[in-house]
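Raw contents of structure00.pdb, PDB, C-alpha atoms, pLDDT in the B column:
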```
MODEL        1
ATOM      1  CA  MET A   1      14.857 -44.793  16.785  1.00 41.00           C
ATOM      2  CA  GLY A   2      15.198 -46.999  13.724  1.00 44.00           C
ATOM      3  CA  THR A   3      15.435 -45.618  10.243  1.00 46.00           C
ATOM      4  CA  GLU A   4      12.509 -46.216   7.953  1.00 48.00           C
ATOM      5  CA  THR A   5      12.964 -48.702   5.186  1.00 42.00           C
ATOM      6  CA  GLN A   6      12.496 -47.279   1.707  1.00 40.00           C
ATOM      7  CA  PRO A   7       9.470 -48.681  -0.140  1.00 42.00           C
ATOM      8  CA  SER A   8       8.953 -47.959  -3.807  1.00 38.00           C
ATOM      9  CA  GLU A   9       6.451 -45.177  -3.157  1.00 48.00           C
ATOM     10  CA  GLN A  10       7.915 -42.100  -1.518  1.00 61.00           C
ATOM     11  CA  PRO A  11       5.143 -40.328   0.409  1.00 69.00           C
ATOM     12  CA  TRP A  12       6.603 -36.848  -0.012  1.00 77.00           C
ATOM     13  CA  ALA A  13       7.547 -37.125  -3.695  1.00 73.00           C
ATOM     14  CA  ASP A  14       4.826 -34.691  -4.789  1.00 75.00           C
ATOM     15  CA  ILE A  15       5.758 -31.983  -2.299  1.00 80.00           C
ATOM     16  CA  ALA A  16       7.658 -29.127  -3.903  1.00 77.00           C
ATOM     17  CA  PRO A  17       9.968 -27.267  -3.754  1.00 87.00           C
ATOM     18  CA  ASP A  18      12.778 -29.318  -2.259  1.00 87.00           C
ATOM     19  CA  ALA A  19      12.940 -27.082   0.836  1.00 88.00           C
ATOM     20  CA  ALA A  20       9.292 -27.812   1.663  1.00 89.00           C
ATOM     21  CA  ARG A  21       9.912 -31.535   1.230  1.00 89.00           C
ATOM     22  CA  ARG A  22      12.932 -31.374   3.546  1.00 91.00           C
ATOM     23  CA  LEU A  23      10.859 -29.600   6.174  1.00 93.00           C
ATOM     24  CA  VAL A  24       8.154 -32.266   6.048  1.00 93.00           C
ATOM     25  CA  THR A  25      10.753 -35.020   6.392  1.00 92.00           C
ATOM     26  CA  ALA A  26      12.345 -33.212   9.338  1.00 93.00           C
ATOM     27  CA  ALA A  27       8.959 -32.645  10.962  1.00 94.00           C
ATOM     28  CA  VAL A  28       8.096 -36.338  10.718  1.00 93.00           C
ATOM     29  CA  GLU A  29      11.324 -37.272  12.464  1.00 92.00           C
ATOM     30  CA  ALA A  30      10.880 -34.633  15.168  1.00 93.00           C
ATOM     31  CA  PHE A  31       7.198 -35.375  15.846  1.00 94.00           C
ATOM     32  CA  ALA A  32       7.843 -39.124  16.011  1.00 90.00           C
ATOM     33  CA  GLU A  33      10.791 -38.693  18.346  1.00 91.00           C
ATOM     34  CA  ARG A  34       9.564 -35.935  20.657  1.00 91.00           C
ATOM     35  CA  GLY A  35       5.826 -35.690  20.065  1.00 92.00           C
ATOM     36  CA  TYR A  36       4.052 -32.808  18.368  1.00 93.00           C
ATOM     37  CA  HIS A  37       3.674 -30.586  21.417  1.00 93.00           C
ATOM     38  CA  ALA A  38       7.289 -30.958  22.558  1.00 94.00           C
ATOM     39  CA  THR A  39       8.649 -30.126  19.096  1.00 94.00           C
ATOM     40  CA  THR A  40       9.397 -26.519  18.183  1.00 93.00           C
ATOM     41  CA  THR A  41       9.652 -24.947  14.756  1.00 93.00           C
ATOM     42  CA  ARG A  42      13.314 -24.340  15.575  1.00 92.00           C
ATOM     43  CA  ASP A  43      13.774 -28.101  16.067  1.00 93.00           C
ATOM     44  CA  ILE A  44      12.233 -28.797  12.672  1.00 94.00           C
ATOM     45  CA  ALA A  45      14.163 -26.102  10.836  1.00 93.00           C
ATOM     46  CA  GLY A  46      17.426 -27.250  12.402  1.00 93.00           C
ATOM     47  CA  ARG A  47      16.888 -30.838  11.278  1.00 93.00           C
ATOM     48  CA  ALA A  48      16.187 -29.573   7.768  1.00 92.00           C
ATOM     49  CA  GLY A  49      19.366 -27.463   7.796  1.00 92.00           C
ATOM     50  CA  MET A  50      17.363 -24.243   7.575  1.00 91.00           C
ATOM     51  CA  SER A  51      16.656 -21.206   9.709  1.00 90.00           C
ATOM     52  CA  PRO A  52      13.312 -20.864  11.551  1.00 87.00           C
ATOM     53  CA  ALA A  53      12.537 -17.866   9.341  1.00 90.00           C
ATOM     54  CA  ALA A  54      12.979 -20.007   6.219  1.00 88.00           C
ATOM     55  CA  LEU A  55      10.418 -22.498   7.548  1.00 90.00           C
ATOM     56  CA  TYR A  56       7.676 -19.874   7.578  1.00 91.00           C
ATOM     57  CA  ILE A  57       8.159 -19.231   3.879  1.00 91.00           C
ATOM     58  CA  HIS A  58       6.701 -22.675   3.211  1.00 91.00           C
ATOM     59  CA  TYR A  59       4.517 -23.390   6.259  1.00 91.00           C
ATOM     60  CA  LYS A  60       2.793 -20.704   8.309  1.00 91.00           C
ATOM     61  CA  THR A  61       2.503 -22.846  11.430  1.00 92.00           C
ATOM     62  CA  LYS A  62       3.719 -26.086  12.960  1.00 93.00           C
ATOM     63  CA  GLU A  63       0.146 -27.361  12.725  1.00 95.00           C
ATOM     64  CA  GLU A  64       0.180 -26.810   8.963  1.00 94.00           C
ATOM     65  CA  LEU A  65       3.167 -29.128   8.730  1.00 93.00           C
ATOM     66  CA  LEU A  66       1.351 -31.768  10.759  1.00 95.00           C
ATOM     67  CA  TYR A  67      -1.688 -31.424   8.510  1.00 95.00           C
ATOM     68  CA  GLN A  68       0.461 -31.910   5.407  1.00 92.00           C
ATOM     69  CA  ILE A  69       1.947 -35.093   6.876  1.00 94.00           C
ATOM     70  CA  SER A  70      -1.403 -36.406   8.070  1.00 94.00           C
ATOM     71  CA  SER A  71      -3.201 -35.665   4.808  1.00 93.00           C
ATOM     72  CA  VAL A  72      -0.605 -37.324   2.599  1.00 91.00           C
ATOM     73  CA  GLY A  73      -0.292 -40.327   4.901  1.00 92.00           C
ATOM     74  CA  HIS A  74      -4.023 -40.927   5.215  1.00 94.00           C
ATOM     75  CA  ARG A  75      -4.630 -40.577   1.477  1.00 93.00           C
ATOM     76  CA  LEU A  76      -1.864 -43.054   0.672  1.00 91.00           C
ATOM     77  CA  SER A  77      -3.109 -45.628   3.167  1.00 91.00           C
ATOM     78  CA  LEU A  78      -6.689 -45.167   1.944  1.00 95.00           C
ATOM     79  CA  ARG A  79      -5.569 -45.775  -1.624  1.00 94.00           C
ATOM     80  CA  ILE A  80      -3.831 -48.991  -0.570  1.00 93.00           C
ATOM     81  CA  LEU A  81      -7.098 -50.325   0.836  1.00 95.00           C
ATOM     82  CA  GLN A  82      -9.160 -49.114  -2.109  1.00 96.00           C
ATOM     83  CA  GLU A  83      -6.893 -50.906  -4.565  1.00 95.00           C
ATOM     84  CA  ALA A  84      -7.151 -54.121  -2.539  1.00 93.00           C
ATOM     85  CA  ALA A  85     -10.930 -53.839  -2.314  1.00 93.00           C
ATOM     86  CA  ALA A  86     -11.200 -53.351  -6.084  1.00 94.00           C
ATOM     87  CA  SER A  87      -8.897 -56.266  -6.930  1.00 92.00           C
ATOM     88  CA  ASP A  88     -10.096 -59.578  -8.324  1.00 90.00           C
ATOM     89  CA  GLY A  89     -10.612 -62.544  -6.060  1.00 92.00           C
ATOM     90  CA  SER A  90     -12.761 -63.820  -3.243  1.00 94.00           C
ATOM     91  CA  PRO A  91     -13.513 -61.682  -0.175  1.00 95.00           C
ATOM     92  CA  ALA A  92     -10.868 -63.669   1.732  1.00 95.00           C
ATOM     93  CA  GLU A  93      -8.273 -62.965  -0.963  1.00 95.00           C
ATOM     94  CA  ARG A  94      -9.140 -59.274  -1.036  1.00 96.00           C
ATOM     95  CA  LEU A  95      -9.106 -59.020   2.760  1.00 96.00           C
ATOM     96  CA  ALA A  96      -5.713 -60.739   2.915  1.00 96.00           C
ATOM     97  CA  THR A  97      -4.365 -58.368   0.261  1.00 96.00           C
ATOM     98  CA  ALA A  98      -5.779 -55.339   2.085  1.00 96.00           C
ATOM     99  CA  VAL A  99      -4.307 -56.306   5.441  1.00 97.00           C
ATOM    100  CA  ARG A 100      -0.978 -57.412   3.977  1.00 96.00           C
ATOM    101  CA  SER A 101      -0.541 -54.123   2.074  1.00 95.00           C
ATOM    102  CA  PHE A 102      -1.857 -51.900   4.866  1.00 96.00           C
ATOM    103  CA  VAL A 103       0.375 -53.514   7.489  1.00 96.00           C
ATOM    104  CA  SER A 104       3.443 -53.511   5.233  1.00 95.00           C
ATOM    105  CA  TRP A 105       2.991 -49.790   4.594  1.00 94.00           C
ATOM    106  CA  HIS A 106       2.711 -49.062   8.322  1.00 94.00           C
ATOM    107  CA  ALA A 107       5.882 -51.086   8.926  1.00 94.00           C
ATOM    108  CA  GLU A 108       7.881 -49.663   6.017  1.00 92.00           C
ATOM    109  CA  ARG A 109       6.861 -46.135   6.981  1.00 91.00           C
ATOM    110  CA  HIS A 110       6.654 -46.730  10.721  1.00 91.00           C
ATOM    111  CA  THR A 111       7.983 -43.284  11.655  1.00 91.00           C
ATOM    112  CA  THR A 112       5.620 -41.468   9.303  1.00 92.00           C
ATOM    113  CA  ALA A 113       2.710 -43.736  10.210  1.00 92.00           C
ATOM    114  CA  ARG A 114       3.251 -43.144  13.920  1.00 92.00           C
ATOM    115  CA  VAL A 115       2.813 -39.411  13.378  1.00 93.00           C
ATOM    116  CA  VAL A 116      -0.119 -39.908  10.980  1.00 92.00           C
ATOM    117  CA  GLN A 117      -2.001 -42.232  13.325  1.00 91.00           C
ATOM    118  CA  TYR A 118      -1.182 -40.903  16.783  1.00 91.00           C
ATOM    119  CA  GLU A 119      -0.892 -37.103  16.511  1.00 93.00           C
ATOM    120  CA  LEU A 120      -4.404 -36.576  15.154  1.00 92.00           C
ATOM    121  CA  GLY A 121      -5.560 -34.681  18.243  1.00 92.00           C
ATOM    122  CA  ALA A 122      -3.044 -31.884  17.640  1.00 95.00           C
ATOM    123  CA  LEU A 123      -4.711 -30.796  14.381  1.00 95.00           C
ATOM    124  CA  GLY A 124      -6.796 -27.640  14.218  1.00 95.00           C
ATOM    125  CA  GLU A 125     -10.562 -28.106  14.047  1.00 96.00           C
ATOM    126  CA  GLU A 126     -10.948 -27.731  10.276  1.00 96.00           C
ATOM    127  CA  HIS A 127      -8.046 -30.039   9.498  1.00 96.00           C
ATOM    128  CA  TYR A 128      -9.182 -32.511  12.138  1.00 97.00           C
ATOM    129  CA  VAL A 129     -12.622 -32.795  10.548  1.00 97.00           C
ATOM    130  CA  GLU A 130     -11.059 -33.443   7.129  1.00 97.00           C
ATOM    131  CA  ILE A 131      -8.710 -36.148   8.406  1.00 96.00           C
ATOM    132  CA  VAL A 132     -11.454 -37.840  10.414  1.00 96.00           C
ATOM    133  CA  GLY A 133     -13.415 -37.979   7.153  1.00 97.00           C
ATOM    134  CA  LEU A 134     -10.524 -39.843   5.528  1.00 96.00           C
ATOM    135  CA  ARG A 135     -10.372 -42.227   8.469  1.00 96.00           C
ATOM    136  CA  ARG A 136     -14.065 -42.953   8.026  1.00 97.00           C
ATOM    137  CA  GLU A 137     -13.381 -43.787   4.388  1.00 97.00           C
ATOM    138  CA  VAL A 138     -10.662 -46.211   5.497  1.00 96.00           C
ATOM    139  CA  ASP A 139     -13.168 -47.849   7.839  1.00 97.00           C
ATOM    140  CA  THR A 140     -15.792 -48.006   5.089  1.00 97.00           C
ATOM    141  CA  VAL A 141     -13.473 -49.748   2.641  1.00 97.00           C
ATOM    142  CA  MET A 142     -12.312 -52.370   5.147  1.00 97.00           C
ATOM    143  CA  ARG A 143     -15.878 -52.893   6.343  1.00 97.00           C
ATOM    144  CA  SER A 144     -17.098 -53.427   2.788  1.00 97.00           C
ATOM    145  CA  ILE A 145     -14.617 -56.257   2.230  1.00 96.00           C
ATOM    146  CA  ILE A 146     -15.639 -57.975   5.446  1.00 97.00           C
ATOM    147  CA  GLN A 147     -19.324 -57.497   4.661  1.00 96.00           C
ATOM    148  CA  ASP A 148     -18.790 -59.040   1.217  1.00 95.00           C
ATOM    149  CA  GLY A 149     -17.344 -62.104   2.934  1.00 95.00           C
ATOM    150  CA  VAL A 150     -20.298 -62.319   5.301  1.00 95.00           C
ATOM    151  CA  ASP A 151     -22.782 -61.950   2.433  1.00 95.00           C
ATOM    152  CA  ALA A 152     -20.996 -64.694   0.486  1.00 93.00           C
ATOM    153  CA  GLY A 153     -21.069 -67.020   3.486  1.00 93.00           C
ATOM    154  CA  ASP A 154     -17.267 -67.076   3.657  1.00 93.00           C
ATOM    155  CA  PHE A 155     -16.906 -65.175   6.962  1.00 95.00           C
ATOM    156  CA  ASP A 156     -18.530 -65.795  10.320  1.00 93.00           C
ATOM    157  CA  VAL A 157     -18.743 -62.258  11.724  1.00 95.00           C
ATOM    158  CA  PRO A 158     -21.678 -61.368  14.021  1.00 93.00           C
ATOM    159  CA  ASP A 159     -20.482 -57.756  14.423  1.00 96.00           C
ATOM    160  CA  VAL A 160     -19.037 -56.335  11.193  1.00 97.00           C
ATOM    161  CA  PRO A 161     -18.381 -52.766  12.489  1.00 97.00           C
ATOM    162  CA  GLY A 162     -16.671 -54.064  15.641  1.00 97.00           C
ATOM    163  CA  THR A 163     -14.590 -56.570  13.716  1.00 96.00           C
ATOM    164  CA  THR A 164     -13.583 -53.862  11.237  1.00 97.00           C
ATOM    165  CA  LEU A 165     -12.427 -51.656  14.097  1.00 96.00           C
ATOM    166  CA  ALA A 166     -10.459 -54.523  15.634  1.00 96.00           C
ATOM    167  CA  ALA A 167      -8.782 -55.390  12.323  1.00 96.00           C
ATOM    168  CA  LEU A 168      -7.810 -51.790  11.582  1.00 96.00           C
ATOM    169  CA  SER A 169      -6.541 -51.243  15.124  1.00 95.00           C
ATOM    170  CA  LEU A 170      -4.368 -54.335  14.820  1.00 95.00           C
ATOM    171  CA  CYS A 171      -2.895 -53.106  11.528  1.00 95.00           C
ATOM    172  CA  ILE A 172      -2.303 -49.520  12.644  1.00 95.00           C
ATOM    173  CA  ASP A 173      -0.579 -50.530  15.880  1.00 94.00           C
ATOM    174  CA  VAL A 174       2.295 -51.946  13.832  1.00 95.00           C
ATOM    175  CA  ALA A 175       3.556 -48.366  13.428  1.00 93.00           C
ATOM    176  CA  ARG A 176       3.939 -48.100  17.197  1.00 91.00           C
ATOM    177  CA  TRP A 177       6.161 -51.145  17.767  1.00 93.00           C
ATOM    178  CA  PHE A 178       7.808 -52.058  14.456  1.00 93.00           C
ATOM    179  CA  ASN A 179      11.591 -52.303  14.651  1.00 90.00           C
ATOM    180  CA  PRO A 180      13.443 -52.416  11.298  1.00 88.00           C
ATOM    181  CA  GLU A 181      16.285 -54.262  13.041  1.00 89.00           C
ATOM    182  CA  GLY A 182      13.951 -56.984  14.288  1.00 86.00           C
ATOM    183  CA  ARG A 183      13.727 -60.482  12.856  1.00 90.00           C
ATOM    184  CA  ARG A 184      10.512 -59.796  10.910  1.00 92.00           C
ATOM    185  CA  GLY A 185      10.504 -57.418   7.957  1.00 92.00           C
ATOM    186  CA  PRO A 186       7.470 -55.446   6.727  1.00 94.00           C
ATOM    187  CA  GLU A 187       6.356 -58.208   4.337  1.00 94.00           C
ATOM    188  CA  ASP A 188       6.710 -60.861   7.044  1.00 95.00           C
ATOM    189  CA  VAL A 189       4.546 -58.838   9.420  1.00 96.00           C
ATOM    190  CA  GLY A 190       2.044 -58.244   6.626  1.00 96.00           C
ATOM    191  CA  GLU A 191       1.724 -61.981   6.002  1.00 96.00           C
ATOM    192  CA  LEU A 192       1.361 -62.729   9.709  1.00 96.00           C
ATOM    193  CA  TYR A 193      -1.347 -60.114  10.196  1.00 97.00           C
ATOM    194  CA  ALA A 194      -3.236 -61.171   7.069  1.00 96.00           C
ATOM    195  CA  ASP A 195      -3.449 -64.665   8.561  1.00 95.00           C
ATOM    196  CA  LEU A 196      -4.508 -63.296  11.954  1.00 95.00           C
ATOM    197  CA  VAL A 197      -7.306 -61.181  10.483  1.00 96.00           C
ATOM    198  CA  LEU A 198      -8.561 -64.079   8.357  1.00 96.00           C
ATOM    199  CA  ARG A 199      -8.723 -66.171  11.515  1.00 94.00           C
ATOM    200  CA  MET A 200     -10.581 -63.329  13.192  1.00 93.00           C
ATOM    201  CA  VAL A 201     -13.326 -63.441  10.545  1.00 95.00           C
ATOM    202  CA  GLY A 202     -13.366 -67.221  10.336  1.00 89.00           C
ATOM    203  CA  GLY A 203     -11.784 -67.292   6.897  1.00 63.00           C
ATOM    204  CA  ALA A 204      -8.374 -68.829   7.582  1.00 50.00           C
ATOM    205  CA  GLY A 205      -6.957 -70.782   4.686  1.00 44.00           C
ATOM    206  CA  LYS A 206      -9.451 -69.535   2.102  1.00 47.00           C
ATOM    207  CA  PRO A 207      -7.307 -67.148  -0.007  1.00 48.00           C
TER     208      PRO A 207
ENDMDL
END
```

Would you put the structure from the file into structure tokens?
Amino acid sequence: MGTETQPSEQPWADIAPDAARRLVTAAVEAFAERGYHATTTRDIAGRAGMSPAALYIHYKTKEELLYQISSVGHRLSLRILQEAAASDGSPAERLATAVRSFVSWHAERHTTARVVQYELGALGEEHYVEIVGLRREVDTVMRSIIQDGVDAGDFDVPDVPGTTLAALSLCIDVARWFNPEGRRGPEDVGELYADLVLRMVGGAGKP
């Protein structure tokens, strides 16, 4: 498995103390490599250079670790889209910025993003409901940009909700296949996908 590139924003920077941050980092690696259900707390503690007993000082359960990862990851990706939606420019410019940033984040943090996006079903009911709420906010922000383009006459989109789902699915899937040793870097993939989504809405060449 490739190592994540290091973007300017570290997703776990606000987690303290250092031991808790190390456990989250280790959990991301283990969940991405083995899957949530196949990973044990012993696996996570070992990767963090700690004993299983030390893990429980910071996280009561394995699911609590997954929730921490999922919450931080979803809030960061939501903020990326919100900033793009609030930026100046035409709907096409804002959509291109949103897709470019969203895709680049999923490529830069492909290991983290894979856990965030594909281990949702392992969350407990209360945590699941909260994270689904964040995912709805992500959908709402992307949909609002596309709807702005339709309202302005810039986009030709008969089905805004369906197109929003398709665009987000395209962006998120980058976390599944991105290879940091491949010929395209995160920014290259972001540019490519921004162009693809603009073509999808009939707005190619307008930013």

- Message: I need the output of the PyMOL selection byres ((chain A and resi 85) around 9) for this file as a PyMOL selection string; which residues are they?
- Response: chain A and resi 80-84+86-88+91+94-95+97-98+141-142+144-145

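Of the residues under consideration (A:Glu125, A:Val201, A:Glu181, A:Ser71), A:Val201 shows the shortest atom-to-atom contact distance to Arg143 in chain A when counting only C-alpha atoms.
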
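When only C-alpha atoms are used to measure the gap to Tyr36 in chain A, the shortest distance among A:Gly49, A:Gly121, A:Gly73, A:Pro158 belongs to A:Gly121.
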
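Distance-wise, CA of Ser90 in chain A and CA of Gly133 in chain A end up 27.9 Å apart.
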
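The space separating CA of Gln147 in chain A from CA of Ser70 in chain A comes to 27.9 Å.
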